[in-house]
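To be precise, the following lines are entry10.txt, and they hold compact mmCIF, C-alpha atoms.
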# COMPACT_ATOMS: atom_id res chain seq x y z
CA MET A 727 -13.05 -29.55 -50.69
CA THR A 728 -11.30 -27.58 -48.01
CA HIS A 729 -10.64 -29.19 -44.70
CA PRO A 730 -12.86 -28.10 -41.81
CA GLY A 731 -10.91 -25.87 -39.45
CA TRP A 732 -8.43 -27.12 -36.90
CA PHE A 733 -8.10 -26.18 -33.25
CA ILE A 734 -4.41 -25.39 -32.74
CA THR A 735 -2.92 -24.12 -29.47
CA LEU A 736 0.43 -22.52 -28.75
CA GLU A 737 2.11 -23.06 -25.42
CA GLY A 738 5.35 -22.12 -23.69
CA ILE A 739 6.89 -19.85 -21.10
CA GLU A 740 7.19 -16.09 -21.53
CA GLY A 741 9.51 -15.08 -24.37
CA ALA A 742 9.13 -18.38 -26.25
CA GLY A 743 7.81 -16.61 -29.36
CA LYS A 744 4.16 -17.66 -29.35
CA THR A 745 3.02 -14.54 -31.18
CA THR A 746 5.43 -15.09 -34.06
CA ALA A 747 4.51 -18.76 -34.16
CA ALA A 748 0.80 -17.89 -34.32
CA ALA A 749 1.44 -15.84 -37.47
CA VAL A 750 3.20 -18.82 -39.10
CA VAL A 751 0.30 -21.12 -38.21
CA ALA A 752 -2.25 -18.60 -39.47
CA GLN A 753 -0.48 -18.29 -42.81
CA TRP A 754 -0.28 -22.07 -43.14
CA ALA A 755 -4.02 -22.50 -42.38
CA LYS A 756 -5.09 -19.70 -44.73
CA ALA A 757 -3.02 -21.30 -47.50
CA ARG A 758 -5.16 -24.41 -46.97
CA GLY A 759 -8.35 -22.46 -47.51
CA THR A 760 -9.73 -22.15 -44.00
CA ALA A 761 -10.74 -18.92 -42.33
CA VAL A 762 -8.59 -18.21 -39.27
CA VAL A 763 -9.61 -16.95 -35.84
CA GLN A 764 -6.66 -15.94 -33.66
CA THR A 765 -7.34 -15.62 -29.97
CA ARG A 766 -5.63 -15.91 -26.60
CA GLU A 767 -6.07 -17.05 -23.00
CA PRO A 768 -6.87 -15.96 -20.48
CA GLY A 769 -9.24 -13.78 -22.48
CA GLY A 770 -10.74 -13.86 -25.93
CA THR A 771 -14.17 -12.41 -25.10
CA PRO A 772 -15.06 -9.21 -23.16
CA VAL A 773 -16.06 -11.19 -20.06
CA ALA A 774 -12.99 -13.43 -20.28
CA GLU A 775 -10.73 -10.39 -20.74
CA ALA A 776 -12.27 -8.86 -17.60
CA ILE A 777 -11.44 -12.09 -15.76
CA ARG A 778 -7.91 -11.91 -17.22
CA GLN A 779 -7.47 -8.47 -15.69
CA ILE A 780 -8.27 -9.84 -12.23
CA ALA A 781 -6.05 -12.91 -12.67
CA LEU A 782 -3.05 -10.97 -13.96
CA THR A 783 -3.17 -7.95 -11.68
CA ALA A 784 -5.31 -8.57 -8.53
CA GLY A 785 -4.36 -5.09 -7.27
CA GLU A 786 -2.76 -5.04 -3.85
CA GLU A 787 -4.50 -8.20 -2.68
CA SER A 788 -2.57 -11.46 -2.78
CA LEU A 789 -4.50 -13.89 -4.99
CA ALA A 790 -5.10 -17.35 -3.50
CA PRO A 791 -3.68 -20.11 -5.77
CA GLU A 792 -7.06 -21.84 -5.95
CA ALA A 793 -8.72 -18.57 -6.93
CA GLU A 794 -6.15 -18.07 -9.69
CA LEU A 795 -6.82 -21.57 -11.03
CA LEU A 796 -10.60 -21.14 -10.99
CA LEU A 797 -10.40 -17.73 -12.65
CA MET A 798 -8.34 -19.25 -15.46
CA PHE A 799 -10.93 -21.99 -15.99
CA ALA A 800 -13.86 -19.55 -15.66
CA ALA A 801 -12.32 -17.46 -18.45
CA ARG A 802 -11.71 -20.64 -20.46
CA ALA A 803 -15.30 -21.85 -20.01
CA GLN A 804 -16.56 -18.56 -21.38
CA HIS A 805 -14.01 -18.54 -24.21
CA VAL A 806 -14.82 -22.11 -25.29
CA ARG A 807 -18.59 -21.53 -25.28
CA ALA A 808 -18.72 -18.03 -26.68
CA LYS A 809 -15.86 -18.02 -29.18
CA ILE A 810 -13.88 -21.23 -29.82
CA LEU A 811 -16.74 -23.69 -30.41
CA PRO A 812 -18.81 -21.25 -32.52
CA ALA A 813 -15.74 -20.45 -34.68
CA LEU A 814 -14.91 -24.14 -35.19
CA ALA A 815 -18.57 -24.76 -36.06
CA THR A 816 -18.27 -22.31 -38.98
CA GLY A 817 -15.29 -24.28 -40.30
CA ALA A 818 -12.67 -21.74 -39.22
CA THR A 819 -9.28 -22.71 -37.84
CA VAL A 820 -8.87 -21.44 -34.28
CA ILE A 821 -5.34 -20.56 -33.21
CA CYS A 822 -5.20 -19.98 -29.47
CA ASP A 823 -2.24 -18.46 -27.60
CA ARG A 824 -2.34 -20.61 -24.42
CA PHE A 825 -5.07 -23.07 -23.43
CA THR A 826 -5.54 -25.80 -20.80
CA ASP A 827 -1.88 -26.87 -20.94
CA SER A 828 -0.96 -23.48 -19.48
CA SER A 829 -3.14 -24.23 -16.45
CA ARG A 830 -1.47 -27.62 -16.12
CA ALA A 831 1.99 -26.04 -16.32
CA TYR A 832 1.52 -22.74 -14.42
CA GLN A 833 -1.09 -23.61 -11.80
CA GLY A 834 -0.29 -27.34 -11.63
CA ALA A 835 3.48 -27.68 -11.96
CA GLY A 836 4.26 -24.05 -11.08
CA ARG A 837 1.95 -23.49 -8.09
CA GLY A 838 1.64 -27.13 -7.04
CA LEU A 839 -2.15 -27.32 -7.31
CA ASP A 840 -3.81 -30.73 -7.52
CA ALA A 841 -3.52 -32.35 -10.96
CA ALA A 842 -6.76 -34.31 -10.48
CA LEU A 843 -8.68 -31.09 -9.84
CA ILE A 844 -7.19 -29.54 -12.97
CA GLU A 845 -8.21 -32.55 -15.09
CA THR A 846 -11.74 -32.45 -13.66
CA LEU A 847 -11.98 -28.79 -14.59
CA ALA A 848 -10.54 -29.45 -18.06
CA ALA A 849 -13.06 -32.23 -18.70
CA ASN A 850 -15.94 -29.95 -17.70
CA VAL A 851 -14.78 -26.87 -19.57
CA GLU A 852 -13.37 -28.21 -22.87
CA GLN A 853 -16.79 -29.60 -23.86
CA GLY A 854 -15.11 -32.63 -25.44
CA ARG A 855 -13.13 -30.51 -27.91
CA ALA A 856 -9.41 -30.79 -27.11
CA PRO A 857 -6.91 -29.16 -29.47
CA ASP A 858 -6.04 -31.07 -32.66
CA LEU A 859 -2.43 -29.95 -32.33
CA THR A 860 -0.45 -28.14 -29.67
CA LEU A 861 2.88 -26.53 -30.49
CA LEU A 862 5.03 -26.30 -27.36
CA LEU A 863 7.64 -23.62 -27.93
CA ASP A 864 10.39 -24.76 -25.61
CA LEU A 865 13.51 -22.87 -24.60
CA PRO A 866 15.69 -22.36 -21.54
CA VAL A 867 14.14 -20.11 -18.92
CA GLU A 868 16.97 -17.58 -18.95
CA ILE A 869 16.64 -17.04 -22.71
CA GLY A 870 12.86 -16.66 -22.50
CA SER A 871 13.09 -14.24 -19.58
CA ALA A 872 15.68 -12.10 -21.38
CA ARG A 873 13.52 -11.96 -24.51
CA ALA A 874 10.39 -11.11 -22.49
CA ALA A 875 12.25 -8.36 -20.63
CA ALA A 876 13.55 -6.86 -23.87
CA ARG A 877 10.06 -6.89 -25.37
CA ARG A 878 8.44 -5.45 -22.24
CA GLY A 879 10.81 -2.50 -21.99
CA SER A 880 9.69 -0.23 -19.16
CA ALA A 881 6.14 -1.63 -18.92
CA ALA A 882 5.11 -3.07 -15.55
CA GLN A 883 5.38 -6.83 -15.01
CA ASP A 884 2.17 -8.74 -14.43
CA ARG A 885 1.69 -11.23 -11.55
CA PHE A 886 3.28 -14.06 -13.54
CA GLU A 887 6.20 -12.09 -14.94
CA GLN A 888 7.10 -11.19 -11.35
CA GLU A 889 7.75 -14.84 -10.49
CA ARG A 890 11.30 -16.09 -9.99
CA ALA A 891 13.34 -18.36 -12.25
CA ALA A 892 12.59 -21.44 -10.11
CA PHE A 893 8.88 -21.00 -10.83
CA PHE A 894 9.47 -20.84 -14.58
CA GLU A 895 11.73 -23.90 -14.39
CA ARG A 896 8.83 -25.82 -12.84
CA VAL A 897 6.50 -24.48 -15.53
CA ARG A 898 8.90 -25.48 -18.33
CA THR A 899 9.29 -28.95 -16.83
CA GLY A 900 5.52 -29.18 -16.52
CA PHE A 901 5.05 -28.34 -20.20
CA LEU A 902 7.62 -30.95 -21.25
CA ALA A 903 5.89 -33.57 -19.10
CA ILE A 904 2.60 -32.87 -20.91
CA ALA A 905 4.40 -33.26 -24.27
CA ASP A 906 5.77 -36.62 -23.09
CA ARG A 907 2.33 -38.06 -22.42
CA GLU A 908 0.10 -36.27 -24.97
CA PRO A 909 0.56 -37.23 -28.63
CA ARG A 910 -1.18 -34.02 -29.75
CA VAL A 911 1.78 -31.96 -28.46
CA VAL A 912 4.82 -31.26 -30.68
CA VAL A 913 7.87 -29.70 -29.03
CA ILE A 914 9.49 -26.93 -31.08
CA ASP A 915 13.03 -25.77 -30.22
CA ALA A 916 12.28 -22.08 -29.70
CA ALA A 917 15.90 -21.22 -28.90
CA ALA A 918 16.81 -21.91 -32.55
CA PRO A 919 17.09 -19.07 -35.10
CA LEU A 920 13.74 -17.68 -36.22
CA ALA A 921 13.91 -19.22 -39.70
CA ALA A 922 14.57 -22.66 -38.22
CA VAL A 923 11.64 -22.26 -35.81
CA GLN A 924 9.39 -21.40 -38.74
CA VAL A 925 10.53 -24.48 -40.67
CA ALA A 926 9.94 -26.68 -37.64
CA ILE A 927 6.44 -25.30 -37.15
CA GLU A 928 5.51 -25.82 -40.80
CA ALA A 929 6.91 -29.35 -40.68
CA ALA A 930 4.80 -30.13 -37.60
CA LEU A 931 1.67 -28.74 -39.26
CA ASN A 932 2.28 -30.68 -42.48
CA GLN A 933 3.05 -33.91 -40.66
CA ARG A 934 0.21 -33.78 -38.12
CA LEU A 935 -2.57 -32.08 -40.04
CA GLY A 936 -1.78 -33.29 -43.54
CA ALA A 937 0.49 -31.94 -46.26
CA GLY A 938 -2.40 -31.29 -48.67
CA GLY A 939 -3.52 -27.84 -49.67
CA MET B 1081 -13.73 -18.52 28.83
CA THR B 1082 -15.49 -17.33 25.75
CA HIS B 1083 -16.18 -19.77 22.97
CA PRO B 1084 -13.94 -19.51 19.90
CA GLY B 1085 -15.90 -18.03 17.04
CA TRP B 1086 -18.39 -19.89 14.92
CA PHE B 1087 -18.74 -19.99 11.16
CA ILE B 1088 -22.41 -19.36 10.44
CA THR B 1089 -23.91 -19.04 6.97
CA LEU B 1090 -27.26 -17.68 5.84
CA GLU B 1091 -28.94 -19.09 2.77
CA GLY B 1092 -32.17 -18.66 0.87
CA ILE B 1093 -33.72 -17.18 -2.25
CA GLU B 1094 -34.00 -13.43 -2.85
CA GLY B 1095 -36.31 -11.69 -0.40
CA ALA B 1096 -35.93 -14.34 2.31
CA GLY B 1097 -34.62 -11.81 4.84
CA LYS B 1098 -30.96 -12.83 5.09
CA THR B 1099 -29.80 -9.33 6.02
CA THR B 1100 -32.21 -9.06 8.93
CA ALA B 1101 -31.30 -12.58 10.02
CA ALA B 1102 -27.59 -11.70 9.93
CA ALA B 1103 -28.22 -8.88 12.40
CA VAL B 1104 -29.99 -11.28 14.78
CA VAL B 1105 -27.11 -13.76 14.56
CA ALA B 1106 -24.53 -10.99 15.09
CA GLN B 1107 -26.29 -9.77 18.21
CA TRP B 1108 -26.50 -13.32 19.55
CA ALA B 1109 -22.77 -13.95 18.95
CA LYS B 1110 -21.68 -10.63 20.46
CA ALA B 1111 -23.74 -11.40 23.56
CA ARG B 1112 -21.61 -14.57 23.89
CA GLY B 1113 -18.41 -12.52 23.87
CA THR B 1114 -17.05 -13.18 20.39
CA ALA B 1115 -16.04 -10.55 17.89
CA VAL B 1116 -18.20 -10.70 14.77
CA VAL B 1117 -17.18 -10.42 11.11
CA GLN B 1118 -20.14 -10.03 8.76
CA THR B 1119 -19.47 -10.75 5.12
CA ARG B 1120 -21.18 -11.94 1.96
CA GLU B 1121 -20.76 -14.01 -1.19
CA PRO B 1122 -19.95 -13.67 -3.93
CA GLY B 1123 -17.55 -11.02 -2.58
CA GLY B 1124 -16.06 -10.15 0.78
CA THR B 1125 -12.63 -8.98 -0.45
CA PRO B 1126 -11.73 -6.45 -3.17
CA VAL B 1127 -10.75 -9.21 -5.62
CA ALA B 1128 -13.83 -11.28 -4.79
CA GLU B 1129 -16.06 -8.23 -5.18
CA ALA B 1130 -14.53 -7.62 -8.62
CA ILE B 1131 -15.38 -11.22 -9.52
CA ARG B 1132 -18.90 -10.64 -8.14
CA GLN B 1133 -19.33 -7.74 -10.56
CA ILE B 1134 -18.55 -10.00 -13.51
CA ALA B 1135 -20.77 -12.84 -12.26
CA LEU B 1136 -23.76 -10.61 -11.54
CA THR B 1137 -23.64 -8.32 -14.56
CA ALA B 1138 -21.53 -9.78 -17.45
CA GLY B 1139 -22.45 -6.78 -19.61
CA GLU B 1140 -24.05 -7.66 -22.92
CA GLU B 1141 -22.30 -11.02 -23.17
CA SER B 1142 -24.24 -14.13 -22.18
CA LEU B 1143 -22.32 -15.85 -19.38
CA ALA B 1144 -21.73 -19.59 -19.88
CA PRO B 1145 -23.16 -21.63 -16.95
CA GLU B 1146 -19.77 -23.27 -16.29
CA ALA B 1147 -18.12 -19.84 -16.25
CA GLU B 1148 -20.67 -18.61 -13.73
CA LEU B 1149 -20.02 -21.62 -11.49
CA LEU B 1150 -16.24 -21.22 -11.65
CA LEU B 1151 -16.43 -17.49 -10.98
CA MET B 1152 -18.48 -18.19 -7.85
CA PHE B 1153 -15.91 -20.69 -6.61
CA ALA B 1154 -12.97 -18.43 -7.58
CA ALA B 1155 -14.50 -15.66 -5.47
CA ARG B 1156 -15.12 -18.17 -2.67
CA ALA B 1157 -11.53 -19.47 -2.77
CA GLN B 1158 -10.26 -15.93 -2.34
CA HIS B 1159 -12.81 -15.15 0.38
CA VAL B 1160 -12.01 -18.29 2.39
CA ARG B 1161 -8.24 -17.75 2.22
CA ALA B 1162 -8.09 -13.99 2.61
CA LYS B 1163 -10.95 -13.30 5.02
CA ILE B 1164 -12.93 -16.19 6.51
CA LEU B 1165 -10.09 -18.42 7.75
CA PRO B 1166 -8.00 -15.50 9.10
CA ALA B 1167 -11.06 -14.13 10.96
CA LEU B 1168 -11.90 -17.52 12.47
CA ALA B 1169 -8.24 -17.90 13.48
CA THR B 1170 -8.53 -14.75 15.61
CA GLY B 1171 -11.52 -16.28 17.42
CA ALA B 1172 -14.12 -14.14 15.67
CA THR B 1173 -17.52 -15.42 14.62
CA VAL B 1174 -17.93 -15.17 10.86
CA ILE B 1175 -21.47 -14.59 9.59
CA CYS B 1176 -21.62 -15.06 5.83
CA ASP B 1177 -24.57 -14.10 3.62
CA ARG B 1178 -24.47 -17.02 1.14
CA PHE B 1179 -21.76 -19.68 0.85
CA THR B 1180 -21.31 -23.03 -0.92
CA ASP B 1181 -24.97 -24.01 -0.49
CA SER B 1182 -25.89 -21.13 -2.82
CA SER B 1183 -23.70 -22.69 -5.54
CA ARG B 1184 -25.40 -26.04 -4.92
CA ALA B 1185 -28.84 -24.45 -5.17
CA TYR B 1186 -28.37 -21.79 -7.89
CA GLN B 1187 -25.76 -23.35 -10.18
CA GLY B 1188 -26.56 -26.99 -9.31
CA ALA B 1189 -30.36 -27.21 -8.90
CA GLY B 1190 -31.11 -23.95 -10.74
CA ARG B 1191 -28.81 -24.23 -13.76
CA GLY B 1192 -28.51 -28.03 -13.78
CA LEU B 1193 -24.72 -28.15 -13.49
CA ASP B 1194 -23.07 -31.39 -12.36
CA ALA B 1195 -23.36 -32.00 -8.61
CA ALA B 1196 -20.12 -34.02 -8.53
CA LEU B 1197 -18.19 -31.09 -10.03
CA ILE B 1198 -19.68 -28.75 -7.44
CA GLU B 1199 -18.67 -31.08 -4.57
CA THR B 1200 -15.13 -31.37 -5.99
CA LEU B 1201 -14.88 -27.60 -6.09
CA ALA B 1202 -16.31 -27.29 -2.57
CA ALA B 1203 -13.80 -29.80 -1.20
CA ASN B 1204 -10.91 -27.89 -2.78
CA VAL B 1205 -12.08 -24.42 -1.83
CA GLU B 1206 -13.49 -24.80 1.70
CA GLN B 1207 -10.07 -25.88 3.05
CA GLY B 1208 -11.75 -28.35 5.40
CA ARG B 1209 -13.73 -25.65 7.21
CA ALA B 1210 -17.43 -26.13 6.51
CA PRO B 1211 -19.93 -23.89 8.34
CA ASP B 1212 -20.81 -24.85 11.93
CA LEU B 1213 -24.39 -23.85 11.30
CA THR B 1214 -26.38 -22.82 8.26
CA LEU B 1215 -29.71 -21.06 8.59
CA LEU B 1216 -31.87 -21.67 5.54
CA LEU B 1217 -34.48 -18.94 5.36
CA ASP B 1218 -37.23 -20.65 3.43
CA LEU B 1219 -40.33 -19.09 1.96
CA PRO B 1220 -42.54 -19.43 -1.13
CA VAL B 1221 -40.97 -17.99 -4.25
CA GLU B 1222 -43.81 -15.52 -4.91
CA ILE B 1223 -43.46 -13.98 -1.44
CA GLY B 1224 -39.67 -13.70 -1.78
CA SER B 1225 -39.90 -12.15 -5.22
CA ALA B 1226 -42.50 -9.60 -4.08
CA ARG B 1227 -40.33 -8.62 -1.11
CA ALA B 1228 -37.20 -8.35 -3.29
CA ALA B 1229 -39.06 -6.21 -5.83
CA ALA B 1230 -40.36 -3.86 -3.10
CA ARG B 1231 -36.84 -3.51 -1.67
CA ARG B 1232 -35.23 -2.99 -5.07
CA GLY B 1233 -37.59 -0.19 -6.09
CA SER B 1234 -36.51 1.21 -9.44
CA ALA B 1235 -32.94 -0.23 -9.29
CA ALA B 1236 -31.93 -2.54 -12.14
CA GLN B 1237 -32.21 -6.30 -11.66
CA ASP B 1238 -28.98 -8.32 -11.68
CA ARG B 1239 -28.52 -11.49 -13.77
CA PHE B 1240 -30.12 -13.67 -11.10
CA GLU B 1241 -33.03 -11.38 -10.31
CA GLN B 1242 -33.93 -11.49 -14.02
CA GLU B 1243 -34.58 -15.24 -13.84
CA ARG B 1244 -38.14 -16.58 -13.98
CA ALA B 1245 -40.20 -18.12 -11.18
CA ALA B 1246 -39.46 -21.69 -12.38
CA PHE B 1247 -35.73 -21.06 -11.81
CA PHE B 1248 -36.32 -19.89 -8.24
CA GLU B 1249 -38.59 -22.88 -7.57
CA ARG B 1250 -35.70 -25.16 -8.55
CA VAL B 1251 -33.35 -23.14 -6.34
CA ARG B 1252 -35.74 -23.33 -3.38
CA THR B 1253 -36.17 -27.09 -3.85
CA GLY B 1254 -32.38 -27.40 -4.09
CA PHE B 1255 -31.90 -25.59 -0.79
CA LEU B 1256 -34.49 -27.80 0.94
CA ALA B 1257 -32.76 -30.92 -0.42
CA ILE B 1258 -29.47 -29.76 1.12
CA ALA B 1259 -31.26 -29.21 4.45
CA ASP B 1260 -32.64 -32.75 4.25
CA ARG B 1261 -29.22 -34.34 4.00
CA GLU B 1262 -26.96 -31.93 5.93
CA PRO B 1263 -27.45 -31.85 9.73
CA ARG B 1264 -25.69 -28.46 9.93
CA VAL B 1265 -28.64 -26.81 8.13
CA VAL B 1266 -31.67 -25.54 10.07
CA VAL B 1267 -34.71 -24.46 8.08
CA ILE B 1268 -36.32 -21.24 9.29
CA ASP B 1269 -39.86 -20.35 8.16
CA ALA B 1270 -39.10 -16.95 6.64
CA ALA B 1271 -42.71 -16.33 5.65
CA ALA B 1272 -43.62 -15.98 9.34
CA PRO B 1273 -43.88 -12.54 11.01
CA LEU B 1274 -40.53 -10.91 11.72
CA ALA B 1275 -40.70 -11.46 15.49
CA ALA B 1276 -41.37 -15.17 14.99
CA VAL B 1277 -38.45 -15.46 12.57
CA GLN B 1278 -36.18 -13.82 15.14
CA VAL B 1279 -37.35 -16.25 17.87
CA ALA B 1280 -36.76 -19.21 15.54
CA ILE B 1281 -33.25 -18.03 14.68
CA GLU B 1282 -32.32 -17.54 18.34
CA ALA B 1283 -33.74 -20.95 19.20
CA ALA B 1284 -31.63 -22.55 16.44
CA LEU B 1285 -28.49 -20.79 17.64
CA ASN B 1286 -29.10 -21.79 21.28
CA GLN B 1287 -29.89 -25.37 20.41
CA ARG B 1288 -27.06 -25.97 17.92
CA LEU B 1289 -24.27 -23.81 19.30
CA GLY B 1290 -25.06 -24.04 23.03
CA ALA B 1291 -27.35 -21.96 25.25
CA GLY B 1292 -24.47 -20.70 27.44
CA GLY B 1293 -23.24 -17.12 27.45
Could you write out this structure as structure tokens?
Amino acid sequence: MTHPGWFITLEGIEGAGKTTAAAVVAQWAKARGTAVVQTREPGGTPVAEAIRQIALTAGEESLAPEAELLLMFAARAQHVRAKILPALATGATVICDRFTDSSRAYQGAGRGLDAALIETLAANVEQGRAPDLTLLLDLPVEIGSARAAARRGSAAQDRFEQERAAFFERVRTGFLAIADREPRVVVIDAAAPLAAVQVAIEAALNQRLGAGG
Amino acid sequence: MTHPGWFITLEGIEGAGKTTAAAVVAQWAKARGTAVVQTREPGGTPVAEAIRQIALTAGEESLAPEAELLLMFAARAQHVRAKILPALATGATVICDRFTDSSRAYQGAGRGLDAALIETLAANVEQGRAPDLTLLLDLPVEIGSARAAARRGSAAQDRFEQERAAFFERVRTGFLAIADREPRVVVIDAAAPLAAVQVAIEAALNQRLGAGG
């Protein structure tokens, strides 16, 4: 009997290698016989992607921090209801590039918004289905920023990419604080060579979700 | 000395006559020497209007109730920060077609979402500046719906206008419950002839905000 699908999230600052990590996780899950749904936040459904556009660009208008937070959770509410829960219900493994921990790190630690408000929103939006495993791809801010810049090339930066190093330091610290208190989070050294990152991810998956398959 | 501006909100189901009422309030405030900013929710700024589009249309995707609620408060957070508070700070009177009471009535009473969550959101978004006066334009649902249909003509209904009478009965009851517990709310009989509604609105303004001018 194959295992029912897992809900696995990938977290980290820009340039941490979440996309590459998602491919490793997908391969691991498929090898264990589950269908795989790869998705991302903010976004994942047409409505949630429309919300993402507002949250990441906002045009010429400065976006209020509270509005940013509520847009992220509005997109998440839609994503959970319309895509994540239905996919899990079919037995698929859902691999999500960013989830609630990104709101805790970016809007909480980064922007200084109230942690209690964020937890209230999380409790109302996650519908009781927290991730089974979260891989936190951690690396120094300057390395992540350099990687993100190289990948971006001449494309325009979004509202988050325009933030300064001090903001990303707060975000990184925020992520590590979540990992300290939440057993579901495994920290992966994302500054290591790619092959070592892949080994670490597979080890985390085997250890936390079972070596069978 | 002129009075610093007031923050006055208009509430009620579709077809209650909020637009006409707003004009009466604007005239009253201008006669007392304050500048007037008329605005509406969801919306009032370019970003908030973009959020309104998502909340009111959502395309072919069914919008999760929690997503709808959070979109309304995201738009409100932006509106409060970018338009309402700055306008009040200049001494203007702000007249707003719908505000937090609409979330209480539509998403709370209408959709059955958690009242405690709504109050948490309100406390975080209103920035301590609740309306000075709220005029609740109350009328039977069938009269409001008939008026809204006549006004709309052949234009398409939005997501809310497509709801059934039972939904609007819950919304109306929700509005009246707010009026029962919140002294800032004055109920206006919006089924009365237009001239009588105007007299009632002016009487409420004089009584609550002072007859001087």
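Our summary of the geometry notes that atom CA of Val750 of chain A is positioned 14.2 Å from atom CA of Leu859 of chain A.
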Show me a table, sorted first by chain and then by increasing residue number, of the residues of chain B having an atom at most 12 Å from chain A, each with its shortest atom pair and the distance in Å to one decimal, counting only C-alpha atoms and written as a Markdown table.
| residue | atom | partner | partner_atom | distance |
| --- | --- | --- | --- | --- |
| B:Thr1125 | CA | A:Glu787 | CA | 8.5 |
| B:Pro1126 | CA | A:Glu787 | CA | 7.5 |
| B:Val1127 | CA | A:Ala784 | CA | 6.2 |
| B:Ala1128 | CA | A:Ala793 | CA | 9.2 |
| B:Glu1129 | CA | A:Ile780 | CA | 10.6 |
| B:Ala1130 | CA | A:Ile780 | CA | 7.6 |
| B:Ile1131 | CA | A:Ile777 | CA | 7.4 |
| B:Arg1132 | CA | A:Ile777 | CA | 10.8 |
| B:Gln1133 | CA | A:Ala776 | CA | 10.0 |
| B:Ile1134 | CA | A:Val773 | CA | 7.1 |
| B:Ala1135 | CA | A:Val773 | CA | 9.3 |
| B:Leu1136 | CA | A:Val773 | CA | 11.5 |
| B:Thr1137 | CA | A:Val773 | CA | 9.8 |
| B:Ala1138 | CA | A:Val773 | CA | 6.2 |
| B:Gly1139 | CA | A:Val773 | CA | 7.8 |
| B:Glu1140 | CA | A:Pro772 | CA | 9.1 |
| B:Glu1141 | CA | A:Val773 | CA | 7.0 |
| B:Ser1142 | CA | A:Ala808 | CA | 8.1 |
| B:Leu1143 | CA | A:Gln804 | CA | 6.7 |
| B:Ala1144 | CA | A:Gln804 | CA | 5.5 |
| B:Pro1145 | CA | A:Ala803 | CA | 8.4 |
| B:Glu1146 | CA | A:Ala803 | CA | 6.0 |
| B:Ala1147 | CA | A:Ala800 | CA | 4.3 |
| B:Glu1148 | CA | A:Ala800 | CA | 7.1 |
| B:Leu1149 | CA | A:Ala800 | CA | 7.7 |
| B:Leu1150 | CA | A:Ala800 | CA | 5.0 |
| B:Leu1151 | CA | A:Ala800 | CA | 5.7 |
| B:Met1152 | CA | A:Leu796 | CA | 9.0 |
| B:Phe1153 | CA | A:Leu796 | CA | 6.9 |
| B:Ala1154 | CA | A:Ala793 | CA | 4.3 |
| B:Ala1155 | CA | A:Ala793 | CA | 6.6 |
| B:Arg1156 | CA | A:Ala793 | CA | 7.7 |
| B:Ala1157 | CA | A:Ala793 | CA | 5.1 |
| B:Gln1158 | CA | A:Ala790 | CA | 5.5 |
| B:His1159 | CA | A:Ala790 | CA | 8.9 |
| B:Val1160 | CA | A:Ala790 | CA | 9.1 |
| B:Arg1161 | CA | A:Ala790 | CA | 6.5 |
| B:Ala1162 | CA | A:Ala790 | CA | 7.6 |
| B:Lys1163 | CA | A:Ala790 | CA | 11.1 |
| B:Leu1193 | CA | A:Asn850 | CA | 9.9 |
| B:Asp1194 | CA | A:Asn850 | CA | 9.0 |
| B:Ala1195 | CA | A:Asn850 | CA | 11.9 |
| B:Ala1196 | CA | A:Thr846 | CA | 10.0 |
| B:Leu1197 | CA | A:Thr846 | CA | 7.5 |
| B:Ile1198 | CA | A:Leu847 | CA | 10.5 |
| B:Glu1199 | CA | A:Leu843 | CA | 11.3 |
| B:Thr1200 | CA | A:Leu843 | CA | 7.5 |
| B:Leu1201 | CA | A:Leu843 | CA | 8.0 |
| B:Ala1202 | CA | A:Leu843 | CA | 11.2 |
| B:Ala1203 | CA | A:Leu843 | CA | 10.1 |
| B:Asn1204 | CA | A:Glu792 | CA | 7.8 |
| B:Val1205 | CA | A:Glu792 | CA | 7.0 |
| B:Glu1206 | CA | A:Glu792 | CA | 10.4 |
| B:Gln1207 | CA | A:Glu792 | CA | 10.3 |
Requested in this report: Compile the contact shell of segment 1281-1290 of chain B as a list of chain:residue names: residues with an atom at most 8 Å away, counting all atoms listed in the file, same-chain residues fewer than 6 positions apart removed.
Outcome: B:Ala1101, B:Val1104, B:Val1105, B:Trp1108, B:Leu1213, B:Leu1215, B:Val1266, B:Ile1268
Query raised in the report: Which polymer residues have any atom within 7 Å of an atom of segment 1224-1236 of chain B, counting only C-alpha atoms, with same-chain residues fewer than 3 positions away left out, as a ChimeraX atom specification?
Result: /B:1093-1096,1219-1221
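Here atom CA of Ala856 of chain A stands at a distance of 15.5 Å from atom CA of Ala818 of chain A.
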Requested in this report: Name the residues in contact with Pro730 of chain A at a cut-off of 10 Å, using all atoms listed in the file, excluding same-chain residues fewer than 4 positions from it; report them as a VMD selection string.
Outcome: chain A and resid 758 to 761 814 to 819
Report task. Give me the residues within 7 Å of Cys822 of chain A as a VMD selection string, counting all atoms listed in the file and dropping any in the same chain fewer than 2 places off. Result -> chain A and resid 734 to 736 764 to 766 820 824 to 825
With a distance cut-off of 7 Å and all atoms listed in the file, select the neighbouring residues of Leu863 of chain A, excluding the residue or stretch itself and same-chain residues fewer than 6 positions from it, and output the selection as a tab-separated table (two decimals) with C-alpha atoms, in the frame of the given file.
chain	number	residue	atom	x	y	z
A	737	GLU	CA	2.11	-23.06	-25.42
A	738	GLY	CA	5.35	-22.12	-23.69
A	742	ALA	CA	9.13	-18.38	-26.25
A	913	VAL	CA	7.87	-29.70	-29.03
A	914	ILE	CA	9.49	-26.93	-31.08
A	915	ASP	CA	13.03	-25.77	-30.22
A	916	ALA	CA	12.28	-22.08	-29.70
